[in-house]
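Shown next: protein.pdb, containing PDB, C-alpha atoms and all ligand atoms.
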```pdb
ATOM      1  CA  MET A1482    -144.962 150.216 -19.468
ATOM      2  CA  ILE A1483    -145.603 153.480 -21.296
ATOM      3  CA  LEU A1484    -146.645 155.551 -18.252
ATOM      4  CA  GLU A1485    -143.893 154.585 -15.849
ATOM      5  CA  ASN A1486    -142.946 157.479 -13.492
ATOM      6  CA  LYS A1487    -146.027 159.460 -14.527
ATOM      7  CA  VAL A1488    -148.379 160.959 -11.962
ATOM      8  CA  ALA A1489    -151.991 161.168 -13.130
ATOM      9  CA  VAL A1490    -155.064 162.777 -11.583
ATOM     10  CA  ILE A1491    -158.437 161.534 -12.781
ATOM     11  CA  TYR A1492    -161.729 163.336 -12.169
ATOM     12  CA  GLY A1493    -164.919 161.253 -12.186
ATOM     13  CA  ALA A1494    -162.799 158.154 -11.545
ATOM     14  CA  GLY A1495    -165.727 156.245 -10.040
ATOM     15  CA  GLY A1496    -167.546 156.341 -13.386
ATOM     16  CA  GLY A1497    -167.390 153.981 -16.357
ATOM     17  CA  ILE A1498    -164.831 155.919 -18.392
ATOM     18  CA  GLY A1499    -162.879 157.354 -15.443
ATOM     19  CA  GLY A1500    -162.557 153.919 -13.834
ATOM     20  CA  ALA A1501    -161.391 152.248 -17.054
ATOM     21  CA  VAL A1502    -158.864 155.025 -17.739
ATOM     22  CA  ALA A1503    -157.579 154.803 -14.157
ATOM     23  CA  ARG A1504    -157.034 151.038 -14.489
ATOM     24  CA  ALA A1505    -155.274 151.412 -17.843
ATOM     25  CA  PHE A1506    -153.013 154.224 -16.605
ATOM     26  CA  ALA A1507    -152.073 152.176 -13.523
ATOM     27  CA  ARG A1508    -151.441 149.049 -15.633
ATOM     28  CA  GLU A1509    -149.031 151.138 -17.700
ATOM     29  CA  GLY A1510    -147.120 152.150 -14.570
ATOM     30  CA  ALA A1511    -148.632 155.526 -13.606
ATOM     31  CA  LYS A1512    -149.309 156.552 -10.021
ATOM     32  CA  VAL A1513    -153.003 157.427 -10.144
ATOM     33  CA  PHE A1514    -154.790 159.874  -7.862
ATOM     34  CA  LEU A1515    -158.482 159.166  -8.252
ATOM     35  CA  THR A1516    -161.214 161.626  -7.422
ATOM     36  CA  GLY A1517    -164.986 161.792  -7.528
ATOM     37  CA  ARG A1518    -168.014 163.303  -5.927
ATOM     38  CA  HIS A1519    -168.709 160.216  -3.832
ATOM     39  CA  LEU A1520    -165.757 158.469  -2.250
ATOM     40  CA  ALA A1521    -167.108 154.892  -2.204
ATOM     41  CA  ALA A1522    -167.117 154.418  -6.010
ATOM     42  CA  VAL A1523    -163.647 155.935  -6.339
ATOM     43  CA  GLU A1524    -162.284 153.816  -3.485
ATOM     44  CA  ALA A1525    -163.567 150.663  -5.174
ATOM     45  CA  VAL A1526    -161.497 151.451  -8.295
ATOM     46  CA  ALA A1527    -158.446 152.399  -6.204
ATOM     47  CA  ASN A1528    -158.696 149.144  -4.216
ATOM     48  CA  ASP A1529    -158.805 147.107  -7.452
ATOM     49  CA  ILE A1530    -155.684 148.860  -8.713
ATOM     50  CA  VAL A1531    -153.791 148.403  -5.456
ATOM     51  CA  SER A1532    -154.811 144.710  -5.308
ATOM     52  CA  ALA A1533    -153.372 144.295  -8.806
ATOM     53  CA  GLY A1534    -150.048 145.753  -7.605
ATOM     54  CA  GLY A1535    -150.496 149.345  -8.785
ATOM     55  CA  PHE A1536    -150.422 152.667  -6.966
ATOM     56  CA  ALA A1537    -153.739 154.447  -6.442
ATOM     57  CA  GLU A1538    -155.168 156.869  -3.929
ATOM     58  CA  ALA A1539    -158.802 157.938  -3.693
ATOM     59  CA  ALA A1540    -160.188 161.299  -2.618
ATOM     60  CA  GLU A1541    -163.553 163.030  -2.569
ATOM     61  CA  VAL A1542    -163.281 166.017  -4.913
ATOM     62  CA  ASP A1543    -166.177 167.922  -6.443
ATOM     63  CA  ALA A1544    -164.817 168.687  -9.908
ATOM     64  CA  LEU A1545    -166.973 171.811 -10.076
ATOM     65  CA  ASP A1546    -165.422 173.340  -6.970
ATOM     66  CA  GLU A1547    -162.273 175.350  -7.603
ATOM     67  CA  ASN A1548    -161.043 175.356  -4.016
ATOM     68  CA  THR A1549    -161.394 171.614  -3.536
ATOM     69  CA  ILE A1550    -159.698 170.813  -6.862
ATOM     70  CA  ASP A1551    -156.841 173.165  -6.023
ATOM     71  CA  LYS A1552    -156.295 171.772  -2.514
ATOM     72  CA  HIS A1553    -156.290 168.226  -3.854
ATOM     73  CA  LEU A1554    -153.714 169.067  -6.541
ATOM     74  CA  GLN A1555    -151.580 170.721  -3.888
ATOM     75  CA  ALA A1556    -151.736 167.502  -1.845
ATOM     76  CA  VAL A1557    -150.832 165.400  -4.918
ATOM     77  CA  VAL A1558    -147.799 167.559  -5.677
ATOM     78  CA  GLY A1559    -146.849 167.354  -1.983
ATOM     79  CA  LYS A1560    -146.918 163.552  -2.091
ATOM     80  CA  ALA A1561    -145.767 162.712  -5.627
ATOM     81  CA  GLY A1562    -143.767 165.819  -6.535
ATOM     82  CA  ARG A1563    -145.644 166.695  -9.731
ATOM     83  CA  VAL A1564    -148.705 166.184 -11.920
ATOM     84  CA  ASN A1565    -147.995 164.787 -15.380
ATOM     85  CA  VAL A1566    -151.505 163.967 -16.554
ATOM     86  CA  SER A1567    -154.947 165.425 -15.797
ATOM     87  CA  PHE A1568    -157.950 163.494 -17.126
ATOM     88  CA  ASN A1569    -161.463 164.896 -16.745
ATOM     89  CA  ALA A1570    -163.993 162.064 -17.135
ATOM     90  CA  VAL A1571    -166.806 163.752 -15.260
ATOM     91  CA  GLY A1572    -170.322 162.953 -16.475
ATOM     92  CA  ILE A1573    -173.034 165.335 -15.347
ATOM     93  CA  PRO A1574    -176.287 163.482 -14.485
ATOM     94  CA  ASP A1575    -178.660 164.113 -17.385
ATOM     95  CA  SER A1576    -181.692 161.896 -16.835
ATOM     96  CA  LYS A1577    -183.918 165.006 -16.456
ATOM     97  CA  LEU A1578    -182.541 166.596 -19.637
ATOM     98  CA  LEU A1579    -182.509 163.760 -22.143
ATOM     99  CA  GLY A1580    -185.686 163.014 -24.032
ATOM    100  CA  VAL A1581    -187.132 166.534 -23.680
ATOM    101  CA  PRO A1582    -187.883 168.314 -26.989
ATOM    102  CA  MET A1583    -186.034 171.664 -27.309
ATOM    103  CA  VAL A1584    -189.359 173.515 -27.624
ATOM    104  CA  GLU A1585    -190.271 172.330 -24.134
ATOM    105  CA  LEU A1586    -186.825 172.662 -22.553
ATOM    106  CA  GLU A1587    -186.440 175.325 -19.851
ATOM    107  CA  LEU A1588    -183.419 177.629 -20.244
ATOM    108  CA  GLU A1589    -181.999 176.399 -16.940
ATOM    109  CA  GLN A1590    -182.163 172.787 -18.138
ATOM    110  CA  PHE A1591    -180.549 173.733 -21.447
ATOM    111  CA  LEU A1592    -177.707 175.577 -19.736
ATOM    112  CA  LEU A1593    -176.965 172.976 -17.058
ATOM    113  CA  PRO A1594    -174.753 170.652 -19.149
ATOM    114  CA  LEU A1595    -173.125 173.586 -20.977
ATOM    115  CA  VAL A1596    -172.151 175.364 -17.772
ATOM    116  CA  SER A1597    -171.252 172.237 -15.795
ATOM    117  CA  TYR A1598    -169.092 170.480 -18.410
ATOM    118  CA  THR A1599    -167.190 173.609 -19.409
ATOM    119  CA  THR A1600    -166.732 174.746 -15.808
ATOM    120  CA  SER A1601    -165.349 171.405 -14.707
ATOM    121  CA  TYR A1602    -163.037 170.993 -17.701
ATOM    122  CA  PHE A1603    -161.822 174.613 -17.484
ATOM    123  CA  LEU A1604    -161.109 174.422 -13.741
ATOM    124  CA  THR A1605    -159.365 171.047 -13.745
ATOM    125  CA  ALA A1606    -157.318 171.976 -16.830
ATOM    126  CA  ARG A1607    -156.329 175.426 -15.604
ATOM    127  CA  LEU A1608    -155.354 174.272 -12.116
ATOM    128  CA  ALA A1609    -153.327 171.357 -13.489
ATOM    129  CA  ALA A1610    -151.645 173.639 -16.050
ATOM    130  CA  ARG A1611    -150.478 175.931 -13.252
ATOM    131  CA  ARG A1612    -148.519 172.970 -11.838
ATOM    132  CA  MET A1613    -147.331 171.787 -15.254
ATOM    133  CA  VAL A1614    -146.027 175.081 -16.683
ATOM    134  CA  PRO A1615    -143.006 175.287 -14.324
ATOM    135  CA  ASN A1616    -142.029 171.714 -15.342
ATOM    136  CA  LYS A1617    -142.549 172.525 -19.051
ATOM    137  CA  SER A1618    -144.396 169.244 -19.451
ATOM    138  CA  GLY A1619    -147.817 167.697 -18.976
ATOM    139  CA  VAL A1620    -150.878 166.262 -20.685
ATOM    140  CA  ILE A1621    -154.439 167.490 -20.163
ATOM    141  CA  MET A1622    -157.192 165.205 -21.373
ATOM    142  CA  THR A1623    -160.949 164.878 -21.398
ATOM    143  CA  VAL A1624    -163.723 162.962 -23.056
ATOM    144  CA  SER A1625    -166.549 164.165 -25.325
ATOM    145  CA  ALA A1626    -169.167 162.448 -27.480
ATOM    146  CA  LEU A1627    -170.193 162.438 -31.141
ATOM    147  CA  HIS A1628    -173.066 164.801 -30.262
ATOM    148  CA  SER A1629    -170.386 167.500 -30.567
ATOM    149  CA  ARG A1630    -170.361 167.155 -34.329
ATOM    150  CA  THR A1631    -173.705 165.755 -35.383
ATOM    151  CA  GLY A1632    -177.329 166.696 -34.743
ATOM    152  CA  ILE A1633    -179.144 164.267 -32.457
ATOM    153  CA  PRO A1634    -182.703 164.917 -31.293
ATOM    154  CA  PHE A1635    -183.793 165.267 -27.671
ATOM    155  CA  VAL A1636    -180.379 165.740 -26.043
ATOM    156  CA  GLY A1637    -180.916 169.395 -25.048
ATOM    157  CA  GLY A1638    -177.705 171.211 -24.145
ATOM    158  CA  TYR A1639    -175.610 168.022 -24.014
ATOM    159  CA  GLY A1640    -174.485 168.260 -27.680
ATOM    160  CA  PRO A1641    -173.510 171.943 -27.491
ATOM    161  CA  ALA A1642    -171.656 171.156 -24.227
ATOM    162  CA  GLN A1643    -169.582 168.464 -25.962
ATOM    163  CA  ALA A1644    -168.802 170.861 -28.831
ATOM    164  CA  ALA A1645    -167.704 173.489 -26.302
ATOM    165  CA  LYS A1646    -165.348 170.997 -24.618
ATOM    166  CA  GLU A1647    -163.747 170.138 -27.943
ATOM    167  CA  ALA A1648    -163.300 173.851 -28.712
ATOM    168  CA  LEU A1649    -161.744 174.361 -25.275
ATOM    169  CA  THR A1650    -159.303 171.536 -26.002
ATOM    170  CA  ARG A1651    -158.083 173.397 -29.103
ATOM    171  CA  HIS A1652    -157.826 176.775 -27.393
ATOM    172  CA  LEU A1653    -156.094 175.422 -24.280
ATOM    173  CA  SER A1654    -153.587 173.698 -26.514
ATOM    174  CA  ALA A1655    -152.886 176.881 -28.449
ATOM    175  CA  GLU A1656    -151.902 178.572 -25.188
ATOM    176  CA  LEU A1657    -150.261 175.670 -23.384
ATOM    177  CA  ALA A1658    -148.341 173.809 -26.086
ATOM    178  CA  PRO A1659    -145.613 176.481 -26.138
ATOM    179  CA  HIS A1660    -145.087 175.550 -22.461
ATOM    180  CA  GLY A1661    -144.651 171.861 -23.293
ATOM    181  CA  ILE A1662    -148.198 170.878 -22.312
ATOM    182  CA  ARG A1663    -150.357 168.824 -24.679
ATOM    183  CA  VAL A1664    -154.157 169.014 -24.602
ATOM    184  CA  VAL A1665    -156.053 166.151 -26.236
ATOM    185  CA  GLY A1666    -159.633 164.926 -26.028
ATOM    186  CA  LEU A1667    -161.180 161.540 -26.798
ATOM    187  CA  ARG A1668    -164.543 161.209 -28.546
ATOM    188  CA  PRO A1669    -165.665 157.616 -28.053
ATOM    189  CA  GLN A1670    -168.632 155.832 -29.543
ATOM    190  CA  ALA A1671    -171.079 154.309 -27.055
ATOM    191  CA  MET A1672    -169.659 151.686 -24.716
ATOM    192  CA  LEU A1673    -172.355 149.269 -23.657
ATOM    193  CA  GLU A1674    -170.816 148.396 -20.291
ATOM    194  CA  THR A1675    -171.540 151.911 -19.028
ATOM    195  CA  ARG A1676    -174.664 153.118 -17.260
ATOM    196  CA  THR A1677    -174.577 156.235 -19.477
ATOM    197  CA  ILE A1678    -175.696 154.269 -22.500
ATOM    198  CA  LYS A1679    -178.449 152.492 -20.571
ATOM    199  CA  ASN A1680    -179.644 155.869 -19.267
ATOM    200  CA  ALA A1681    -179.606 157.358 -22.773
ATOM    201  CA  PHE A1682    -181.630 154.397 -24.017
ATOM    202  CA  GLU A1683    -184.508 154.846 -21.556
ATOM    203  CA  PRO A1684    -186.064 158.017 -23.061
ATOM    204  CA  ARG A1685    -185.679 156.605 -26.588
ATOM    205  CA  ALA A1686    -187.351 153.385 -25.496
ATOM    206  CA  LYS A1687    -190.263 155.327 -24.059
ATOM    207  CA  ALA A1688    -190.656 157.446 -27.187
ATOM    208  CA  THR A1689    -190.319 154.704 -29.797
ATOM    209  CA  GLY A1690    -190.936 151.395 -28.067
ATOM    210  CA  MET A1691    -187.406 150.251 -28.922
ATOM    211  CA  THR A1692    -185.967 147.310 -26.940
ATOM    212  CA  TRP A1693    -182.458 147.303 -25.398
ATOM    213  CA  GLU A1694    -181.356 144.807 -28.066
ATOM    214  CA  GLN A1695    -182.705 146.990 -30.893
ATOM    215  CA  TRP A1696    -180.974 150.026 -29.380
ATOM    216  CA  GLN A1697    -177.627 148.202 -29.264
ATOM    217  CA  GLN A1698    -178.090 147.081 -32.874
ATOM    218  CA  LEU A1699    -178.967 150.608 -33.975
ATOM    219  CA  LEU A1700    -175.834 152.067 -32.364
ATOM    220  CA  ALA A1701    -173.621 149.291 -33.718
ATOM    221  CA  SER A1702    -175.085 149.584 -37.222
ATOM    222  CA  ARG A1703    -173.707 153.133 -37.468
ATOM    223  CA  THR A1704    -170.094 151.969 -37.064
ATOM    224  CA  HIS A1705    -168.012 150.601 -39.929
ATOM    225  CA  GLY A1706    -167.363 147.335 -38.087
ATOM    226  CA  ARG A1707    -171.016 146.968 -36.971
ATOM    227  CA  ARG A1708    -169.883 146.661 -33.370
ATOM    228  CA  LEU A1709    -169.382 148.981 -30.424
ATOM    229  CA  MET A1710    -166.143 149.750 -28.646
ATOM    230  CA  THR A1711    -165.303 148.315 -25.235
ATOM    231  CA  LEU A1712    -164.176 150.419 -22.287
ATOM    232  CA  GLU A1713    -160.817 148.681 -22.426
ATOM    233  CA  GLU A1714    -160.281 149.639 -26.085
ATOM    234  CA  MET A1715    -161.039 153.292 -25.275
ATOM    235  CA  ALA A1716    -158.772 153.210 -22.201
ATOM    236  CA  ASN A1717    -155.873 151.751 -24.201
ATOM    237  CA  VAL A1718    -156.042 154.775 -26.509
ATOM    238  CA  ALA A1719    -156.207 157.065 -23.469
ATOM    239  CA  ALA A1720    -152.997 155.521 -22.090
ATOM    240  CA  PHE A1721    -151.217 155.943 -25.413
ATOM    241  CA  VAL A1722    -152.317 159.591 -25.731
ATOM    242  CA  ALA A1723    -151.174 160.301 -22.151
ATOM    243  CA  SER A1724    -147.770 158.774 -22.853
ATOM    244  CA  ASP A1725    -144.690 160.360 -24.395
ATOM    245  CA  LYS A1726    -145.275 158.136 -27.431
ATOM    246  CA  ALA A1727    -148.007 160.628 -28.410
ATOM    247  CA  SER A1728    -145.687 163.617 -28.059
ATOM    248  CA  GLY A1729    -146.709 164.853 -31.522
ATOM    249  CA  MET A1730    -150.383 165.056 -30.642
ATOM    250  CA  THR A1731    -152.058 168.179 -29.255
ATOM    251  CA  GLY A1732    -154.989 170.526 -29.873
ATOM    252  CA  THR A1733    -157.245 167.773 -31.133
ATOM    253  CA  THR A1734    -159.938 165.294 -30.163
ATOM    254  CA  VAL A1735    -159.311 161.694 -31.160
ATOM    255  CA  ASN A1736    -162.220 160.336 -33.171
ATOM    256  CA  LEU A1737    -163.054 156.982 -31.555
ATOM    257  CA  THR A1738    -166.469 156.674 -33.149
ATOM    258  CA  MET A1739    -165.396 153.649 -35.198
ATOM    259  CA  GLY A1740    -166.584 155.194 -38.457
ATOM    260  CA  SER A1741    -169.903 156.534 -37.139
ATOM    261  CA  LEU A1742    -168.639 160.061 -37.665
ATOM    262  CA  ASP A1743    -166.405 161.124 -40.540
ATOM    263  CA  ASP A1744    -163.424 163.339 -39.754
TER     264      ASP A1744
HETATM  265  N1  LIG B   1    -170.265 155.815 -21.597
HETATM  266  C1  LIG B   1    -170.124 156.029 -22.898
HETATM  267  O1  LIG B   1    -170.270 155.118 -23.719
HETATM  268  C2  LIG B   1    -169.770 157.402 -23.382
HETATM  269  C3  LIG B   1    -169.478 157.601 -24.743
HETATM  270  C4  LIG B   1    -169.126 158.881 -25.170
HETATM  271  C5  LIG B   1    -169.084 159.924 -24.260
HETATM  272  N2  LIG B   1    -169.380 159.702 -22.942
HETATM  273  C6  LIG B   1    -169.337 160.838 -22.023
HETATM  274  O2  LIG B   1    -168.218 160.696 -21.154
HETATM  275  C7  LIG B   1    -168.520 161.250 -19.860
HETATM  276  C8  LIG B   1    -168.329 160.175 -18.784
HETATM  277  O3  LIG B   1    -169.143 159.070 -19.106
HETATM  278  P1  LIG B   1    -169.296 157.785 -18.165
HETATM  279  O4  LIG B   1    -170.040 156.781 -18.967
HETATM  280  O5  LIG B   1    -168.022 157.424 -17.554
HETATM  281  O6  LIG B   1    -170.289 158.378 -17.042
HETATM  282  P2  LIG B   1    -170.527 157.860 -15.537
HETATM  283  O7  LIG B   1    -170.288 156.398 -15.429
HETATM  284  O8  LIG B   1    -171.853 158.407 -15.133
HETATM  285  O9  LIG B   1    -169.380 158.586 -14.728
HETATM  286  C9  LIG B   1    -169.380 159.936 -14.509
HETATM  287  C10 LIG B   1    -168.656 160.170 -13.204
HETATM  288  O10 LIG B   1    -168.580 161.584 -12.991
HETATM  289  C11 LIG B   1    -168.800 161.812 -11.614
HETATM  290  N3  LIG B   1    -169.202 163.175 -11.362
HETATM  291  C12 LIG B   1    -170.330 163.810 -11.734
HETATM  292  N4  LIG B   1    -170.316 165.084 -11.300
HETATM  293  C13 LIG B   1    -169.144 165.248 -10.645
HETATM  294  C14 LIG B   1    -168.540 166.319  -9.958
HETATM  295  N5  LIG B   1    -169.136 167.519  -9.873
HETATM  296  N6  LIG B   1    -167.332 166.134  -9.393
HETATM  297  C15 LIG B   1    -166.693 164.932  -9.477
HETATM  298  N7  LIG B   1    -167.215 163.874 -10.097
HETATM  299  C16 LIG B   1    -168.432 164.029 -10.680
HETATM  300  C17 LIG B   1    -169.903 160.821 -11.262
HETATM  301  O11 LIG B   1    -169.937 160.650  -9.862
HETATM  302  P3  LIG B   1    -171.327 160.281  -9.132
HETATM  303  O12 LIG B   1    -171.722 158.954  -9.672
HETATM  304  O13 LIG B   1    -170.928 160.263  -7.720
HETATM  305  O14 LIG B   1    -172.270 161.370  -9.504
HETATM  306  C18 LIG B   1    -169.417 159.578 -12.000
HETATM  307  O15 LIG B   1    -168.519 158.832 -11.235
HETATM  308  C19 LIG B   1    -169.962 161.754 -19.987
HETATM  309  O16 LIG B   1    -169.936 163.087 -20.388
HETATM  310  C20 LIG B   1    -170.521 160.902 -21.091
HETATM  311  O17 LIG B   1    -171.633 161.491 -21.710
HETATM  312  C21 LIG B   1    -169.712 158.470 -22.494
END
```

Using structure tokens, write down the structure that the file contains.
Amino acid sequence: MILENKVAVIYGAGGGIGGAVARAFAREGAKVFLTGRHLAAVEAVANDIVSAGGFAEAAEVDALDENTIDKHLQAVVGKAGRVNVSFNAVGIPDSKLLGVPMVELELEQFLLPLVSYTTSYFLTARLAARRMVPNKSGVIMTVSALHSRTGIPFVGGYGPAQAAKEALTRHLSAELAPHGIRVVGLRPQAMLETRTIKNAFEPRAKATGMTWEQWQQLLASRTHGRRLMTLEEMANVAAFVASDKASGMTGTTVNLTMGSLDD
């Protein structure tokens, strides 16, 4: 098990990506402290992990609130002695933003994803780093999307927000790697099991009359293998990156777009 003796905190652990990463980390032997805005979804993931013989604890933490994040990390260190891995999988609700042409988008709507994603990633990374620096070890991770690197219509500030997260990954690493802390992002292609992809499909469907099947085919056709990644495949990479086996990897975002996006 590649994450044995590791203590991981996951933000947005009740979501598709956060839940899958939590399960994979626990399977690989990590103690996982799961957090989210609403406790019920996070508890469901924690219960699954505990039933399978792993260690998981759930807590309600708003990953945009500095005080709450800090208090939770303090509690984790109190219980487990340290934080080895911080994973920010928060997804800001965007149903009101997607599908709106830029020329019609209000400034507030444009800024919402930019401010929310960068605030959450900055706060969770910085507060974890403060606990990691004294130990001279740790891994800070997050997730972005291919909108960071390619122009996609009708996604408002979501694309720029993903680009900002990837930039923050590089800059955090430049400061933290000398302290033994790695900072690595994951940029997955769409995973059909998640509600995010269904939600992203709705505005497209309205605009173009595309069916769910056509949407899946369109996304898959952009990959080299003509198929989309599963949550489990993405989470397996996350576990590897979080482990000491990836000790040579920092300041980068792993391209998991299966060929949709060239490096
Ligand atoms: N799914 C994909 O295929 C895919 C591919 C590439 C990139 N991404 C990106 O990866 C991120 C996560 O995606 P996902 O599919 O896992 O989304 P998701 O299923 O909607 O999960 C997002 C999670 O974040 C939580 N959350 C939102 N605001 C929060 C806050 N302030 N504090 C704590 N938790 C908060 C949500 O909790 P509530 O439900 O309680 O609000 C939810 O559990 C998104 O940015 C998404 O765009 C997804």

What is the CA of Thr1692 in chain A to CA of Lys1679 in chain A distance in Å? 11.1 Å

Name every residue that the PyMOL selection byres (((chain A and resi 1724) around 10) and not hetatm) selects in this structure, writing the answer as a PDB file with C-alpha atoms, in the coordinates of the input with chains first and numbers rising.
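The resulting file, selection36.pdb, is reproduced below:
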```
ATOM      1  CA  MET A1482    -144.962 150.216 -19.468  1.00  0.00           C
ATOM      2  CA  ILE A1483    -145.603 153.480 -21.296  1.00  0.00           C
ATOM      3  CA  LEU A1484    -146.645 155.551 -18.252  1.00  0.00           C
ATOM      4  CA  GLU A1485    -143.893 154.585 -15.849  1.00  0.00           C
ATOM      5  CA  LYS A1487    -146.027 159.460 -14.527  1.00  0.00           C
ATOM      6  CA  PHE A1506    -153.013 154.224 -16.605  1.00  0.00           C
ATOM      7  CA  GLU A1509    -149.031 151.138 -17.700  1.00  0.00           C
ATOM      8  CA  ALA A1511    -148.632 155.526 -13.606  1.00  0.00           C
ATOM      9  CA  ASN A1565    -147.995 164.787 -15.380  1.00  0.00           C
ATOM     10  CA  VAL A1566    -151.505 163.967 -16.554  1.00  0.00           C
ATOM     11  CA  GLY A1619    -147.817 167.697 -18.976  1.00  0.00           C
ATOM     12  CA  VAL A1620    -150.878 166.262 -20.685  1.00  0.00           C
ATOM     13  CA  VAL A1718    -156.042 154.775 -26.509  1.00  0.00           C
ATOM     14  CA  ALA A1719    -156.207 157.065 -23.469  1.00  0.00           C
ATOM     15  CA  ALA A1720    -152.997 155.521 -22.090  1.00  0.00           C
ATOM     16  CA  PHE A1721    -151.217 155.943 -25.413  1.00  0.00           C
ATOM     17  CA  VAL A1722    -152.317 159.591 -25.731  1.00  0.00           C
ATOM     18  CA  ALA A1723    -151.174 160.301 -22.151  1.00  0.00           C
ATOM     19  CA  ASP A1725    -144.690 160.360 -24.395  1.00  0.00           C
ATOM     20  CA  LYS A1726    -145.275 158.136 -27.431  1.00  0.00           C
ATOM     21  CA  ALA A1727    -148.007 160.628 -28.410  1.00  0.00           C
ATOM     22  CA  SER A1728    -145.687 163.617 -28.059  1.00  0.00           C
TER      23      SER A1728
END
```

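Surrounding residues of (-174.1, 171.9, -21.0) at most 7 Å away are Phe1591, Leu1592, Leu1593, Pro1594, Leu1595, Val1596, Ser1597, Tyr1598, Gly1638, Tyr1639, Pro1641 and Ala1642 of chain A (based on all atoms listed in the file).
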
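CA of Ala1570 in chain A is positioned 11.5 Å from CA of Ala1716 in chain A.
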
Smallest atom-to-atom distance to Ile1662 in chain A: which of A:Met1715, A:Ala1701, A:Ala1503, A:Met1730, using all atoms listed in the file? A:Met1730

Taking 2 positions as the minimum chain separation for residues in the same chain, which residues sit within 12 Å of Gln1670 in chain A when counting only C-alpha atoms? Answer as an mmCIF file with C-alpha atoms, in the frame of the given file.
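That gives us around12.cif:
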```
data_model
loop_
_atom_site.group_PDB
_atom_site.id
_atom_site.type_symbol
_atom_site.label_atom_id
_atom_site.label_comp_id
_atom_site.auth_asym_id
_atom_site.auth_seq_id
_atom_site.Cartn_x
_atom_site.Cartn_y
_atom_site.Cartn_z
ATOM 1 C CA ILE A 1498 -164.831 155.919 -18.392
ATOM 2 C CA VAL A 1624 -163.723 162.962 -23.056
ATOM 3 C CA SER A 1625 -166.549 164.165 -25.325
ATOM 4 C CA ALA A 1626 -169.167 162.448 -27.480
ATOM 5 C CA LEU A 1627 -170.193 162.438 -31.141
ATOM 6 C CA HIS A 1628 -173.066 164.801 -30.262
ATOM 7 C CA SER A 1629 -170.386 167.500 -30.567
ATOM 8 C CA LEU A 1667 -161.180 161.540 -26.798
ATOM 9 C CA ARG A 1668 -164.543 161.209 -28.546
ATOM 10 C CA MET A 1672 -169.659 151.686 -24.716
ATOM 11 C CA LEU A 1673 -172.355 149.269 -23.657
ATOM 12 C CA THR A 1675 -171.540 151.911 -19.028
ATOM 13 C CA THR A 1677 -174.577 156.235 -19.477
ATOM 14 C CA ILE A 1678 -175.696 154.269 -22.500
ATOM 15 C CA GLN A 1697 -177.627 148.202 -29.264
ATOM 16 C CA LEU A 1700 -175.834 152.067 -32.364
ATOM 17 C CA ALA A 1701 -173.621 149.291 -33.718
ATOM 18 C CA SER A 1702 -175.085 149.584 -37.222
ATOM 19 C CA ARG A 1703 -173.707 153.133 -37.468
ATOM 20 C CA THR A 1704 -170.094 151.969 -37.064
ATOM 21 C CA HIS A 1705 -168.012 150.601 -39.929
ATOM 22 C CA ARG A 1707 -171.016 146.968 -36.971
ATOM 23 C CA ARG A 1708 -169.883 146.661 -33.370
ATOM 24 C CA LEU A 1709 -169.382 148.981 -30.424
ATOM 25 C CA MET A 1710 -166.143 149.750 -28.646
ATOM 26 C CA THR A 1711 -165.303 148.315 -25.235
ATOM 27 C CA LEU A 1712 -164.176 150.419 -22.287
ATOM 28 C CA GLU A 1714 -160.281 149.639 -26.085
ATOM 29 C CA MET A 1715 -161.039 153.292 -25.275
ATOM 30 C CA VAL A 1735 -159.311 161.694 -31.160
ATOM 31 C CA ASN A 1736 -162.220 160.336 -33.171
ATOM 32 C CA LEU A 1737 -163.054 156.982 -31.555
ATOM 33 C CA THR A 1738 -166.469 156.674 -33.149
ATOM 34 C CA MET A 1739 -165.396 153.649 -35.198
ATOM 35 C CA GLY A 1740 -166.584 155.194 -38.457
ATOM 36 C CA SER A 1741 -169.903 156.534 -37.139
ATOM 37 C CA LEU A 1742 -168.639 160.061 -37.665
#
```

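The shortest atom-to-atom distance to Gly1640 in chain A, with all atoms listed in the file taken into account, belongs to A:Leu1578 out of A:Leu1578, A:Ala1522, A:Val1584, A:Arg1676.
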
What's the 8 Å shell around range 1603-1609 of chain A, counting only C-alpha atoms, without same-chain residues fewer than 4 positions away, as a list in words? Ala1544, Leu1545, Glu1547, Ile1550, Asp1551, Leu1554, Val1564, Ser1567, Asn1569, Thr1599, Met1613, Ile1621 and Leu1649 of chain A

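Separating CA of Ala1644 in chain A from CA of Arg1611 in chain A is a distance of 24.6 Å.
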
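Distances to Pro1634 in chain A were evaluated for A:Met1583, A:Ala1556, A:Ala1648, A:Ala1489 using only C-alpha atoms, and the minimum falls at A:Met1583.
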
Select, from A:Asp1744, A:Glu1524, A:Glu1674, A:Glu1538, the residue with the minimum atom-to-atom distance to Val1488 in chain A, counting all atoms listed in the file. A:Glu1538

Between A:Thr1650, A:Thr1623, A:Gln1695, A:Thr1734, which is the closest to ligand LIG 1 (chain B) once you count all atoms listed in the file? A:Thr1623

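Look at Ala1658 in chain A: the protein and nucleic acid residues within 9 Å of it, using only C-alpha atoms and passing over chain neighbours fewer than 5 places away, are Ser1618, Leu1653, Arg1663, Val1664, Thr1731 and Gly1732 of chain A.
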
To test the calculation: enclose all listed atoms of range 1712-1720 of chain A in a box whose edges run along x, y and z, add 5 Å on each side, then state centre and edge lengths in Å to one decimal, as lines of an AutoDock Vina configuration file.
```
center_x = -158.6
center_y = 152.9
center_z = -24.3
size_x = 21.2
size_y = 18.4
size_z = 14.4
```

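Nearest residue to ligand LIG 1 (chain B), choosing from A:Gly1495, A:Gly1661, A:Pro1582, A:Gly1535 and counting all atoms listed in the file: A:Gly1495.
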